[in-house]
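Below is work-v5.cif, which holds mmCIF, C-alpha atoms.
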data_structure
#
loop_
_atom_site.label_atom_id
_atom_site.label_comp_id
_atom_site.auth_asym_id
_atom_site.auth_seq_id
_atom_site.Cartn_x
_atom_site.Cartn_y
_atom_site.Cartn_z
CA MET A 1 26.18 3.61 -0.27
CA LYS A 2 23.64 6.42 -0.48
CA ILE A 3 19.99 6.18 -1.49
CA ALA A 4 17.09 8.65 -1.54
CA TYR A 5 14.42 7.85 1.04
CA TYR A 6 10.68 8.36 0.56
CA PRO A 7 9.04 7.43 3.90
CA GLY A 8 5.41 8.07 2.92
CA CYS A 9 2.61 9.37 5.15
CA SER A 10 2.02 6.25 7.29
CA LEU A 11 5.63 6.08 8.39
CA GLU A 12 5.17 9.48 10.04
CA SER A 13 2.42 8.23 12.33
CA SER A 14 0.78 4.79 12.47
CA ALA A 15 3.92 3.05 11.19
CA ARG A 16 6.54 5.16 12.96
CA GLU A 17 8.27 2.02 14.23
CA TYR A 18 8.78 0.84 10.63
CA ASP A 19 10.54 4.14 9.86
CA LEU A 20 12.67 4.00 13.02
CA SER A 21 13.67 0.36 12.55
CA PHE A 22 14.43 0.76 8.84
CA ARG A 23 16.63 3.79 9.49
CA ALA A 24 18.46 2.01 12.32
CA VAL A 25 19.11 -1.14 10.28
CA CYS A 26 20.35 0.88 7.29
CA GLU A 27 22.71 2.86 9.46
CA ALA A 28 24.09 -0.32 11.00
CA VAL A 29 25.06 -1.75 7.61
CA GLY A 30 26.37 1.49 6.13
CA VAL A 31 23.43 2.51 3.93
CA GLU A 32 22.96 6.27 4.08
CA LEU A 33 19.32 7.29 3.66
CA GLN A 34 18.77 10.82 2.33
CA GLU A 35 15.17 11.83 2.86
CA VAL A 36 13.60 13.41 -0.23
CA PRO A 37 13.22 17.10 0.72
CA ASP A 38 9.62 18.35 1.02
CA TRP A 39 8.18 15.04 -0.19
CA SER A 40 4.40 14.81 -0.60
CA CYS A 41 1.84 12.00 -0.73
CA CYS A 42 1.95 9.48 -3.62
CA GLY A 43 -1.85 9.42 -4.03
CA ALA A 44 -2.02 5.92 -2.50
CA SER A 45 -5.20 3.94 -3.18
CA SER A 46 -7.32 6.99 -3.93
CA ALA A 47 -5.83 8.91 -6.85
CA HIS A 48 -6.03 6.04 -9.37
CA GLN A 49 -9.70 5.47 -8.60
CA LEU A 50 -10.77 9.03 -9.38
CA ASP A 51 -8.09 10.86 -11.30
CA PRO A 52 -5.76 9.18 -13.82
CA PHE A 53 -3.53 12.24 -14.19
CA LEU A 54 -2.88 12.70 -10.46
CA SER A 55 -2.28 8.96 -10.03
CA VAL A 56 0.86 9.38 -12.15
CA ALA A 57 1.71 13.04 -11.49
CA LEU A 58 1.82 12.78 -7.66
CA PRO A 59 4.42 9.98 -7.58
CA ALA A 60 6.17 11.56 -10.59
CA ARG A 61 6.91 14.61 -8.44
CA GLU A 62 8.84 12.38 -6.02
CA LEU A 63 10.67 10.56 -8.84
CA LEU A 64 11.79 13.92 -10.21
CA ARG A 65 13.01 15.05 -6.81
CA ALA A 66 15.04 11.86 -6.42
CA GLU A 67 16.45 12.35 -9.93
CA GLU A 68 17.53 15.82 -8.88
CA MET A 69 19.38 14.24 -5.95
CA GLY A 70 20.99 11.85 -8.43
CA LEU A 71 20.05 8.85 -6.29
CA ASP A 72 17.91 5.73 -6.58
CA LEU A 73 14.84 5.79 -4.38
CA VAL A 74 13.69 3.45 -1.60
CA ALA A 75 10.05 3.36 -0.40
CA PRO A 76 9.06 1.09 2.53
CA CYS A 77 5.27 1.41 2.16
CA ALA A 78 3.94 -1.13 -0.34
CA ALA A 79 1.38 1.30 -1.77
CA CYS A 80 3.97 4.09 -2.23
CA PHE A 81 6.36 1.55 -3.77
CA LEU A 82 3.73 0.36 -6.27
CA ARG A 83 2.55 3.88 -7.18
CA LEU A 84 6.14 5.05 -7.74
CA LYS A 85 7.01 2.02 -9.86
CA GLU A 86 3.78 2.31 -11.88
CA ALA A 87 4.36 6.03 -12.49
CA ARG A 88 7.92 5.35 -13.64
CA ARG A 89 6.74 2.67 -16.05
CA ARG A 90 4.03 4.85 -17.52
CA LEU A 91 6.24 7.95 -17.84
CA LEU A 92 8.74 5.85 -19.77
CA GLY A 93 6.10 4.29 -21.99
CA GLU A 94 3.59 7.08 -22.64
CA GLU A 95 5.03 10.16 -24.27
CA ALA A 96 1.92 12.37 -24.17
CA LEU A 97 1.44 11.67 -20.47
CA ARG A 98 5.11 12.34 -19.74
CA GLU A 99 4.92 15.69 -21.53
CA GLU A 100 1.82 16.67 -19.60
CA VAL A 101 3.47 15.78 -16.27
CA GLU A 102 6.71 17.55 -17.22
CA GLU A 103 4.79 20.65 -18.15
CA ALA A 104 2.93 20.75 -14.84
CA LEU A 105 6.07 20.08 -12.80
CA ARG A 106 8.30 22.23 -15.03
CA ARG A 107 11.03 19.62 -15.06
CA ARG A 108 12.14 16.88 -17.42
CA PHE A 109 11.81 13.24 -16.52
CA GLU A 110 14.97 11.35 -17.44
CA GLY A 111 14.08 7.90 -16.15
CA ARG A 112 17.59 7.52 -14.79
CA ILE A 113 16.81 6.33 -11.30
CA GLN A 114 15.34 3.07 -10.01
CA VAL A 115 12.74 2.54 -7.28
CA TYR A 116 13.36 -0.12 -4.65
CA HIS A 117 11.55 -1.60 -1.69
CA PRO A 118 13.62 -2.18 1.49
CA LEU A 119 13.23 -5.94 0.89
CA GLN A 120 15.11 -5.53 -2.39
CA LEU A 121 17.66 -3.12 -0.96
CA LEU A 122 18.53 -5.10 2.17
CA GLY A 123 18.18 -8.33 0.18
CA ARG A 124 21.25 -7.52 -1.92
CA PRO A 125 23.93 -10.17 -1.36
CA GLU A 126 26.52 -7.79 0.07
CA LEU A 127 24.02 -6.22 2.48
CA LYS A 128 22.68 -9.62 3.54
CA GLU A 129 26.21 -10.60 4.37
CA ALA A 130 26.68 -7.39 6.36
CA LEU A 131 23.41 -8.00 8.22
CA LEU A 132 24.37 -11.57 9.08
CA GLY A 133 27.73 -10.35 10.36
CA LYS A 134 25.96 -8.00 12.77
CA VAL A 135 23.60 -10.55 14.34
CA VAL A 136 24.56 -10.67 18.01
CA ARG A 137 21.32 -11.83 19.56
CA PRO A 138 19.79 -14.55 17.37
CA LEU A 139 16.02 -14.84 17.73
CA GLU A 140 16.26 -18.56 18.30
CA GLY A 141 13.03 -20.28 19.19
CA LEU A 142 10.79 -17.67 17.58
CA ARG A 143 8.49 -19.19 14.94
CA VAL A 144 7.08 -16.77 12.37
CA VAL A 145 5.46 -16.61 8.94
CA CYS A 146 6.22 -13.88 6.39
CA TYR A 147 3.30 -12.01 4.88
CA TYR A 148 3.56 -9.94 1.67
CA GLY A 149 -0.03 -9.01 0.88
CA CYS A 150 -0.75 -7.48 -2.53
CA TYR A 151 1.20 -4.45 -3.61
CA LEU A 152 4.70 -5.79 -3.08
CA VAL A 153 4.14 -8.61 -5.55
CA ARG A 154 1.26 -7.51 -7.80
CA PRO A 155 1.08 -6.54 -10.61
CA PRO A 156 4.34 -8.51 -11.01
CA GLN A 157 5.36 -6.72 -14.23
CA VAL A 158 5.25 -3.45 -12.27
CA THR A 159 6.67 -4.34 -8.85
CA GLU A 160 9.33 -6.78 -10.16
CA LEU A 161 9.90 -7.92 -6.58
CA ASP A 162 9.72 -11.69 -6.65
CA ASP A 163 7.55 -14.64 -7.70
CA PRO A 164 4.00 -13.23 -7.32
CA GLU A 165 2.53 -16.47 -5.98
CA ASP A 166 5.41 -17.71 -3.83
CA PRO A 167 7.87 -14.94 -2.99
CA HIS A 168 10.73 -15.67 -0.59
CA VAL A 169 12.82 -12.49 -0.40
CA MET A 170 11.39 -11.70 3.05
CA GLU A 171 11.90 -15.25 4.32
CA ASP A 172 15.56 -15.03 3.24
CA LEU A 173 16.06 -11.83 5.23
CA VAL A 174 14.13 -12.88 8.33
CA GLY A 175 16.02 -16.18 8.27
CA LEU A 176 19.21 -14.22 9.00
CA THR A 177 17.86 -13.34 12.45
CA GLY A 178 17.89 -16.96 13.57
CA ALA A 179 14.09 -17.08 13.84
CA GLU A 180 12.39 -20.16 12.46
CA VAL A 181 10.52 -19.08 9.32
CA LEU A 182 7.57 -21.34 8.57
CA ASP A 183 6.02 -21.91 5.16
CA TRP A 184 2.33 -21.23 4.65
CA SER A 185 -0.10 -20.77 1.77
CA TRP A 186 -1.46 -17.32 2.53
CA LYS A 187 1.50 -14.98 2.10
CA VAL A 188 0.11 -13.10 -0.90
CA ASP A 189 -3.58 -13.03 0.09
CA CYS A 190 -5.22 -9.65 0.65
CA CYS A 191 -5.63 -8.16 4.17
CA GLY A 192 -8.49 -5.90 3.04
CA GLY A 193 -6.28 -2.87 2.46
CA ALA A 194 -7.94 0.53 2.52
CA HIS A 195 -11.34 -1.01 3.30
CA ALA A 196 -10.38 -0.65 6.98
CA LEU A 197 -12.01 2.78 6.91
CA LEU A 198 -15.42 2.05 5.41
CA ARG A 199 -15.77 -1.74 5.61
CA PRO A 200 -14.00 -2.83 8.81
CA GLU A 201 -16.10 -6.02 8.94
CA VAL A 202 -14.55 -7.14 5.65
CA VAL A 203 -11.06 -6.48 6.99
CA GLU A 204 -11.96 -8.45 10.12
CA ARG A 205 -12.84 -11.42 7.89
CA LEU A 206 -9.72 -11.19 5.70
CA SER A 207 -7.08 -10.17 8.26
CA GLY A 208 -8.68 -12.35 10.93
CA GLY A 209 -8.47 -15.26 8.48
CA LEU A 210 -4.77 -14.60 7.99
CA CYS A 211 -4.16 -14.55 11.76
CA LEU A 212 -5.99 -17.88 12.07
CA ARG A 213 -3.99 -19.45 9.19
CA ALA A 214 -0.73 -18.23 10.71
CA ARG A 215 -1.57 -19.79 14.05
CA GLU A 216 -2.67 -23.02 12.37
CA VAL A 217 0.83 -23.61 10.97
CA GLY A 218 2.29 -22.95 14.42
CA ALA A 219 3.50 -19.39 13.97
CA GLU A 220 3.89 -17.12 17.01
CA GLY A 221 4.16 -14.00 14.89
CA ILE A 222 3.45 -12.59 11.44
CA VAL A 223 6.17 -10.57 9.71
CA THR A 224 5.15 -7.79 7.33
CA ALA A 225 6.76 -5.19 5.06
CA CYS A 226 3.77 -2.86 4.58
CA PRO A 227 2.27 -0.33 7.01
CA LEU A 228 -1.34 -0.97 5.97
CA CYS A 229 -0.98 -4.76 6.24
CA HIS A 230 0.59 -4.29 9.68
CA SER A 231 -2.15 -2.00 10.86
CA ASN A 232 -4.95 -4.23 9.54
CA LEU A 233 -3.41 -7.41 10.94
CA GLU A 234 -2.98 -5.82 14.36
CA ALA A 235 -6.37 -4.14 14.57
CA HIS A 236 -8.49 -6.91 13.02
CA GLN A 237 -7.39 -10.29 14.34
CA GLY A 238 -10.81 -11.95 14.22
CA GLY A 239 -10.37 -13.50 17.66
CA HIS A 240 -7.02 -15.15 16.79
CA PRO A 241 -4.45 -13.06 18.68
CA ILE A 242 -0.93 -13.05 17.29
CA PRO A 243 1.84 -10.41 17.33
CA VAL A 244 2.72 -8.69 14.04
CA TYR A 245 6.22 -7.38 13.30
CA TYR A 246 7.96 -5.39 10.60
CA PHE A 247 10.83 -7.39 9.12
CA THR A 248 13.15 -4.47 9.91
CA GLU A 249 12.23 -4.72 13.61
CA LEU A 250 13.27 -8.38 13.78
CA LEU A 251 16.53 -7.56 11.98
CA GLY A 252 17.20 -4.71 14.42
CA LEU A 253 16.42 -6.88 17.45
CA ALA A 254 18.75 -9.64 16.28
CA MET A 255 21.46 -7.04 15.65
CA GLY A 256 20.98 -5.73 19.19
CA LEU A 257 20.30 -2.22 17.92
CA GLU A 258 19.54 0.51 20.39
CA GLY A 259 15.86 1.36 20.77
CA ALA A 260 14.64 -1.91 19.26
CA GLU A 261 12.39 -2.79 22.19
CA GLY A 262 10.86 0.68 22.00
CA TRP A 263 9.69 -0.06 18.45
CA LEU A 264 7.79 -3.11 19.68
CA ARG A 265 6.15 -1.15 22.51
CA ARG A 266 4.31 0.88 19.87
CA HIS A 267 2.42 -2.20 18.68
CA LEU A 268 -1.27 -2.72 19.44
CA VAL A 269 -0.61 -6.42 20.08
CA SER A 270 2.06 -7.12 22.70
CA PRO A 271 5.21 -8.71 21.30
CA ASP A 272 6.42 -12.18 22.18
CA PRO A 273 8.08 -11.98 25.62
CA LYS A 274 11.04 -13.91 24.19
CA LEU A 275 11.96 -10.81 22.20
CA LEU A 276 12.36 -8.56 25.22
CA VAL A 277 15.34 -8.56 27.53
CA GLY A 278 14.25 -10.03 30.83
CA GLY A 279 11.38 -11.74 29.06
CA LYS A 280 8.67 -9.25 29.96
CA ALA A 281 6.18 -8.03 27.38
CA MET B 1 -18.10 5.73 -26.02
CA THR B 2 -19.00 2.46 -24.34
CA LEU B 3 -16.78 0.77 -21.76
CA ARG B 4 -16.09 -1.95 -24.35
CA GLU B 5 -14.78 0.68 -26.77
CA GLU B 6 -12.64 2.28 -24.09
CA PHE B 7 -11.34 -1.10 -22.95
CA PRO B 8 -11.40 -3.48 -25.96
CA GLU B 9 -9.20 -6.12 -24.31
CA VAL B 10 -12.28 -7.17 -22.35
CA LEU B 11 -13.31 -9.06 -25.53
CA ARG B 12 -10.51 -11.53 -24.80
CA CYS B 13 -12.40 -12.81 -21.74
CA TYR B 14 -13.75 -16.35 -22.24
CA GLN B 15 -15.38 -16.63 -18.83
CA CYS B 16 -12.92 -19.06 -17.20
CA MET B 17 -13.80 -17.42 -13.86
CA SER B 18 -10.20 -17.34 -12.58
CA CYS B 19 -10.82 -13.73 -11.52
CA THR B 20 -13.86 -14.60 -9.44
CA LEU B 21 -12.31 -17.72 -7.89
CA GLY B 22 -9.32 -15.80 -6.56
CA CYS B 23 -11.20 -12.65 -5.55
CA PRO B 24 -11.11 -12.03 -1.77
CA MET B 25 -14.09 -9.66 -2.05
CA ALA B 26 -16.34 -11.74 -4.34
CA GLN B 27 -18.81 -12.58 -1.58
CA GLU B 28 -19.46 -8.88 -0.94
CA MET B 29 -20.16 -8.01 -4.59
CA ASP B 30 -23.51 -7.75 -6.38
CA LEU B 31 -21.84 -8.62 -9.71
CA LEU B 32 -18.98 -11.14 -9.61
CA PRO B 33 -15.80 -10.09 -11.48
CA HIS B 34 -16.43 -12.47 -14.42
CA GLU B 35 -20.00 -11.18 -14.60
CA VAL B 36 -18.66 -7.62 -14.90
CA MET B 37 -16.47 -8.80 -17.78
CA GLY B 38 -19.48 -10.43 -19.45
CA ALA B 39 -21.69 -7.38 -19.02
CA VAL B 40 -19.04 -5.04 -20.45
CA GLN B 41 -18.56 -7.38 -23.42
CA LEU B 42 -22.30 -7.17 -24.11
CA GLY B 43 -22.38 -3.37 -23.76
CA ARG B 44 -24.56 -3.44 -20.65
CA ASP B 45 -22.71 -0.46 -19.15
CA GLU B 46 -25.51 0.79 -16.95
CA GLU B 47 -25.68 -2.45 -15.03
CA VAL B 48 -21.94 -2.22 -14.32
CA LEU B 49 -21.84 1.50 -13.47
CA GLY B 50 -24.53 1.16 -10.80
CA SER B 51 -23.00 -2.00 -9.34
CA SER B 52 -21.28 -2.19 -5.95
CA THR B 53 -18.47 -4.31 -7.45
CA PRO B 54 -16.01 -1.59 -8.54
CA TRP B 55 -16.19 -0.06 -5.04
CA VAL B 56 -16.02 -3.34 -3.17
CA CYS B 57 -12.96 -4.33 -5.26
CA ALA B 58 -9.85 -3.88 -3.09
CA SER B 59 -7.57 -3.47 -6.16
CA CYS B 60 -5.56 -6.43 -4.83
CA GLU B 61 -4.66 -7.41 -8.43
CA ALA B 62 -5.08 -11.15 -7.81
CA CYS B 63 -7.53 -11.30 -10.76
CA ALA B 64 -5.30 -9.51 -13.27
CA THR B 65 -2.22 -11.48 -12.18
CA ARG B 66 -4.03 -14.78 -12.76
CA CYS B 67 -6.06 -13.87 -15.87
CA PRO B 68 -4.96 -16.24 -18.67
CA ASN B 69 -5.84 -13.55 -21.23
CA GLU B 70 -3.80 -10.87 -19.45
CA ILE B 71 -6.73 -8.52 -19.09
CA GLU B 72 -5.90 -5.64 -16.73
CA ILE B 73 -9.08 -6.09 -14.72
CA VAL B 74 -8.18 -3.54 -12.04
CA GLN B 75 -7.60 -0.91 -14.72
CA LEU B 76 -11.06 -1.73 -16.06
CA MET B 77 -12.41 -1.30 -12.50
CA ASP B 78 -10.69 2.12 -12.35
CA ALA B 79 -12.31 3.10 -15.65
CA ILE B 80 -15.72 1.97 -14.33
CA ARG B 81 -15.21 3.88 -11.07
CA ARG B 82 -14.34 7.15 -12.81
CA ARG B 83 -17.23 6.86 -15.20
CA ALA B 84 -19.67 5.99 -12.40
CA VAL B 85 -18.56 9.09 -10.47
CA GLN B 86 -18.75 11.34 -13.53
CA GLN B 87 -22.24 10.10 -14.34
CA GLY B 88 -23.44 10.26 -10.74
CA MET B 89 -24.11 6.52 -10.69
CA ALA B 90 -21.71 5.47 -7.91
CA SER B 91 -23.72 3.36 -5.49
CA GLU B 92 -21.35 3.16 -2.51
CA ARG B 93 -19.58 5.50 -0.05
CA GLU B 94 -16.05 4.90 -1.38
CA PRO B 95 -15.98 7.90 -3.76
CA GLU B 96 -16.39 10.12 -0.70
CA LEU B 97 -13.34 8.50 0.91
CA HIS B 98 -11.23 9.09 -2.19
CA ARG B 99 -12.42 12.69 -2.48
CA VAL B 100 -11.56 13.36 1.17
CA PHE B 101 -8.19 11.69 0.66
CA LEU B 102 -7.31 13.80 -2.38
CA LYS B 103 -8.56 16.93 -0.61
CA GLU B 104 -6.24 16.13 2.27
CA ILE B 105 -3.28 15.87 -0.12
CA GLU B 106 -4.25 19.13 -1.80
CA ARG B 107 -4.56 20.89 1.54
CA ARG B 108 -1.50 19.56 3.37
CA GLY B 109 0.71 17.83 0.85
CA ARG B 110 0.87 14.78 3.12
CA VAL B 111 -2.01 12.82 4.57
CA HIS B 112 -2.56 13.46 8.26
CA GLU B 113 -4.31 10.23 9.29
CA LEU B 114 -6.30 11.69 12.20
CA SER B 115 -7.67 14.60 10.12
CA LEU B 116 -8.55 12.18 7.32
CA LEU B 117 -10.45 9.89 9.71
CA LEU B 118 -12.39 12.74 11.31
CA GLU B 119 -13.30 14.36 8.00
CA LEU B 120 -14.42 11.03 6.56
CA LYS B 121 -16.57 10.37 9.61
CA ARG B 122 -18.05 13.84 9.38
CA ARG B 123 -19.01 13.32 5.75
CA THR B 124 -20.15 9.69 5.77
CA GLY B 125 -20.97 8.59 9.28
CA LEU B 126 -22.35 11.75 10.87
CA PHE B 127 -20.28 10.87 13.91
CA LYS B 128 -21.75 7.41 14.11
CA ILE B 129 -18.55 6.08 15.57
CA SER B 130 -18.91 2.56 16.94
CA VAL B 131 -17.56 1.50 20.32
CA ASP B 132 -15.01 -0.72 18.55
CA GLU B 133 -13.76 2.18 16.45
CA LEU B 134 -13.53 4.40 19.49
CA LYS B 135 -11.55 1.79 21.42
CA LEU B 136 -9.20 1.27 18.50
CA GLY B 137 -8.70 5.01 18.05
CA LEU B 138 -7.91 5.52 21.73
CA LYS B 139 -5.48 2.62 21.77
CA MET B 140 -3.72 4.00 18.70
CA LEU B 141 -3.46 7.41 20.33
CA LEU B 142 -2.05 5.94 23.54
CA LYS B 143 0.51 3.93 21.56
CA GLY B 144 1.58 7.04 19.70
CA LYS B 145 0.26 5.60 16.43
CA LEU B 146 -1.78 8.68 15.55
CA LYS B 147 0.06 11.92 15.06
CA VAL B 148 -2.13 14.46 16.84
CA PHE B 149 -1.17 17.60 14.93
CA PRO B 150 -0.55 17.82 11.19
CA GLY B 151 2.88 19.04 10.15
CA VAL B 152 3.67 22.02 7.94
CA LYS B 153 2.20 22.14 4.45
CA ARG B 154 4.24 20.29 1.82
CA GLY B 155 4.51 20.33 -1.93
CA GLY B 156 4.01 24.07 -2.42
CA GLU B 157 3.52 25.46 -5.92
CA GLU B 158 4.13 22.13 -7.63
CA LEU B 159 1.17 20.46 -5.94
CA LYS B 160 -0.96 23.50 -6.63
CA ARG B 161 -0.23 23.16 -10.35
CA LEU B 162 -0.97 19.43 -10.31
CA PHE B 163 -4.30 19.89 -8.54
CA ALA B 164 -5.23 22.70 -10.95
CA ARG B 165 -5.60 19.89 -13.52
CA ARG B 166 -7.87 17.82 -11.33
CA GLU B 167 -10.45 16.26 -13.64
CA SER B 168 -13.60 15.58 -11.65
CA PRO B 169 -14.78 17.38 -8.49
#
Rendering of file as structure tokens:
Amino acid sequence: MKIAYYPGCSLESSAREYDLSFRAVCEAVGVELQEVPDWSCCGASSAHQLDPFLSVALPARELLRAEEMGLDLVAPCAACFLRLKEARRRLLGEEALREEVEEALRRRFEGRIQVYHPLQLLGRPELKEALLGKVVRPLEGLRVVCYYGCYLVRPPQVTELDDPEDPHVMEDLVGLTGAEVLDWSWKVDCCGGAHALLRPEVVERLSGGLCLRAREVGAEGIVTACPLCHSNLEAHQGGHPIPVYYFTELLGLAMGLEGAEGWLRRHLVSPDPKLLVGGKA
Amino acid sequence: MTLREEFPEVLRCYQCMSCTLGCPMAQEMDLLPHEVMGAVQLGRDEEVLGSSTPWVCASCEACATRCPNEIEIVQLMDAIRRRAVQQGMASEREPELHRVFLKEIERRGRVHELSLLLELKRRTGLFKISVDELKLGLKMLLKGKLKVFPGVKRGGEELKRLFARRESP
């Protein structure tokens, strides 16, 4: 199958390993990602705070480009995913806004395509089966918790990902790798998000708290599906060191994909030695 | 127009405090989320517009998801933020971050994280970079987590037309 791919700004730099691992996993199960040509930023956490028009128009530009490609769209960054879904919902529901956006972009919005997160895409039954069939190096003995944060699950009527208080789509996928996925009560708590730039002490409290809670239930790693959560959890551990992985990295490792160990070497916190061939971090 | 007129659903709030109880940022705020709701109900807009709360809010949406009256509290926070900026009442540094962020999109089409960080520091911190921040930045550079040079400009004429409609400076 083919799908349009919107990487988003973080996946070009701080979250490069999320981009690399997602592409590799998709290729391995026959999903062809077509990058949206000349894509631009979705406006992230800033546009909606200052400018209501841009908060819809910036992601609308990307929706229109995907429509032109005739493909559904996948966005791995939780903020991009939410902004794209919210823009789609508002363009469908607010005629005056849609007309204003169409006029500025000189194209019509049809609302034909859907926006997905990689958790939803790879979580499809047929792809889960394909993933399971490719597991050659089960991550047995690795104990992890899955962490969703905010924008994948909230607002639930916009993201439509899973139960907003107790999602399990990531657990289901990570479970395929053979790792032991532990339950915990903090999977949808906030990491501090964009406050990392101006209020790092707040992020230290929130992300550090999450690292502590993860260790308390016996986890040796936290699995994420958002570049900002990953970055905050790695950079602000509050004195409770624990490795943080993208779910696509664990899938790629279990599938024995080429380059997988290189993804982990980009992390600020060294990965569990069990994950590296020869056992060296 | 008052905030209550712009956002009439705030009248549905009966002060159950679910928003405040689930708010990860409550302890950093000068007005708790349910107090913001109460003040807007009573038309005390000035108190809300000068408050740190809309800027401390991380837009995590826990409040709105759990509100029994389905009030879109984060959308109210957005409305407060915009109005505070327009009226020059914003009390915190966050508006500067969002301006720099939007400027970066306008200029390059995509956000180049390193340029964003440096510009934000230039405007808010006057190069008061802490040792911790410096260590983190260096580590990120060494790990290849910060792209050193921005790429080519993206978005072309389309972005230009969108930014031509930019509402507030």
- Item | Contacts of Leu141 in chain B within 12 Å, only C-alpha atoms, excl. fewer than 6 positions in-chain, as a ChimeraX atom specification | /A:13-14,266-268 /B:113-114,134-135,147-149
Is it possible to get the residues within 10 Å of (6.4, 2.9, -12.3) (coordinates as in the file, counting all atoms listed in the file) written as a compact mmCIF listing (two decimals) with C-alpha atoms, in the coordinates of the input?
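In the end it all went to result-v1.txt:
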# COMPACT_ATOMS: atom_id res chain seq x y z
CA VAL A 56 0.86 9.38 -12.15
CA PRO A 59 4.42 9.98 -7.58
CA ALA A 60 6.17 11.56 -10.59
CA LEU A 63 10.67 10.56 -8.84
CA PHE A 81 6.36 1.55 -3.77
CA LEU A 82 3.73 0.36 -6.27
CA ARG A 83 2.55 3.88 -7.18
CA LEU A 84 6.14 5.05 -7.74
CA LYS A 85 7.01 2.02 -9.86
CA GLU A 86 3.78 2.31 -11.88
CA ALA A 87 4.36 6.03 -12.49
CA ARG A 88 7.92 5.35 -13.64
CA ARG A 89 6.74 2.67 -16.05
CA ARG A 90 4.03 4.85 -17.52
CA LEU A 91 6.24 7.95 -17.84
CA LEU A 92 8.74 5.85 -19.77
CA GLY A 93 6.10 4.29 -21.99
CA GLY A 111 14.08 7.90 -16.15
CA GLN A 114 15.34 3.07 -10.01
CA VAL A 115 12.74 2.54 -7.28
CA GLN A 157 5.36 -6.72 -14.23
CA VAL A 158 5.25 -3.45 -12.27
CA THR A 159 6.67 -4.34 -8.85
- Task: Evaluate the PyMOL selection byres ((chain A and resi 62) around 12) and record the selected residues as an MDAnalysis selection string, following the chain and residue labels used in the document.
- Result: (chainID A and resid 4:8 35:43 56:61 63:69 71:75 80:81 83:85 87:88 105 107 109 113 115) or (chainID B and resid 109 155 158:159)
Can I get the selected residues back with C-alpha atoms, as a compact mmCIF listing (two decimals), keeping the file's coordinate frame?
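Below is the file part.txt, written as the result:
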# COMPACT_ATOMS: atom_id res chain seq x y z
CA ALA A 4 17.09 8.65 -1.54
CA TYR A 5 14.42 7.85 1.04
CA TYR A 6 10.68 8.36 0.56
CA PRO A 7 9.04 7.43 3.90
CA GLY A 8 5.41 8.07 2.92
CA GLU A 35 15.17 11.83 2.86
CA VAL A 36 13.60 13.41 -0.23
CA PRO A 37 13.22 17.10 0.72
CA ASP A 38 9.62 18.35 1.02
CA TRP A 39 8.18 15.04 -0.19
CA SER A 40 4.40 14.81 -0.60
CA CYS A 41 1.84 12.00 -0.73
CA CYS A 42 1.95 9.48 -3.62
CA GLY A 43 -1.85 9.42 -4.03
CA VAL A 56 0.86 9.38 -12.15
CA ALA A 57 1.71 13.04 -11.49
CA LEU A 58 1.82 12.78 -7.66
CA PRO A 59 4.42 9.98 -7.58
CA ALA A 60 6.17 11.56 -10.59
CA ARG A 61 6.91 14.61 -8.44
CA LEU A 63 10.67 10.56 -8.84
CA LEU A 64 11.79 13.92 -10.21
CA ARG A 65 13.01 15.05 -6.81
CA ALA A 66 15.04 11.86 -6.42
CA GLU A 67 16.45 12.35 -9.93
CA GLU A 68 17.53 15.82 -8.88
CA MET A 69 19.38 14.24 -5.95
CA LEU A 71 20.05 8.85 -6.29
CA ASP A 72 17.91 5.73 -6.58
CA LEU A 73 14.84 5.79 -4.38
CA VAL A 74 13.69 3.45 -1.60
CA ALA A 75 10.05 3.36 -0.40
CA CYS A 80 3.97 4.09 -2.23
CA PHE A 81 6.36 1.55 -3.77
CA ARG A 83 2.55 3.88 -7.18
CA LEU A 84 6.14 5.05 -7.74
CA LYS A 85 7.01 2.02 -9.86
CA ALA A 87 4.36 6.03 -12.49
CA ARG A 88 7.92 5.35 -13.64
CA LEU A 105 6.07 20.08 -12.80
CA ARG A 107 11.03 19.62 -15.06
CA PHE A 109 11.81 13.24 -16.52
CA ILE A 113 16.81 6.33 -11.30
CA VAL A 115 12.74 2.54 -7.28
CA GLY B 109 0.71 17.83 0.85
CA GLY B 155 4.51 20.33 -1.93
CA GLU B 158 4.13 22.13 -7.63
CA LEU B 159 1.17 20.46 -5.94
- Task: Name the residues that the PyMOL selection byres ((chain A and resi 249-259) around 7) pulls out of this structure, and write them as a list in words.
- Result: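 Applying the expression gives Ser21, Val25, Lys134, Val135, Val136, Arg137, Pro138, Leu139, Val174, Thr177, Tyr245, Tyr246, Phe247, Thr248, Ala260, Glu261, Gly262 and Trp263 of chain A.
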Only C-alpha atoms, please: the residues just picked out, written as an mmCIF file, keeping the file's coordinate frame.
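Below is the file that was written, result33.cif:
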data_model
loop_
_atom_site.group_PDB
_atom_site.id
_atom_site.type_symbol
_atom_site.label_atom_id
_atom_site.label_comp_id
_atom_site.auth_asym_id
_atom_site.auth_seq_id
_atom_site.Cartn_x
_atom_site.Cartn_y
_atom_site.Cartn_z
ATOM 1 C CA SER A 21 13.670 0.360 12.550
ATOM 2 C CA VAL A 25 19.110 -1.140 10.280
ATOM 3 C CA LYS A 134 25.960 -8.000 12.770
ATOM 4 C CA VAL A 135 23.600 -10.550 14.340
ATOM 5 C CA VAL A 136 24.560 -10.670 18.010
ATOM 6 C CA ARG A 137 21.320 -11.830 19.560
ATOM 7 C CA PRO A 138 19.790 -14.550 17.370
ATOM 8 C CA LEU A 139 16.020 -14.840 17.730
ATOM 9 C CA VAL A 174 14.130 -12.880 8.330
ATOM 10 C CA THR A 177 17.860 -13.340 12.450
ATOM 11 C CA TYR A 245 6.220 -7.380 13.300
ATOM 12 C CA TYR A 246 7.960 -5.390 10.600
ATOM 13 C CA PHE A 247 10.830 -7.390 9.120
ATOM 14 C CA THR A 248 13.150 -4.470 9.910
ATOM 15 C CA ALA A 260 14.640 -1.910 19.260
ATOM 16 C CA GLU A 261 12.390 -2.790 22.190
ATOM 17 C CA GLY A 262 10.860 0.680 22.000
ATOM 18 C CA TRP A 263 9.690 -0.060 18.450
#
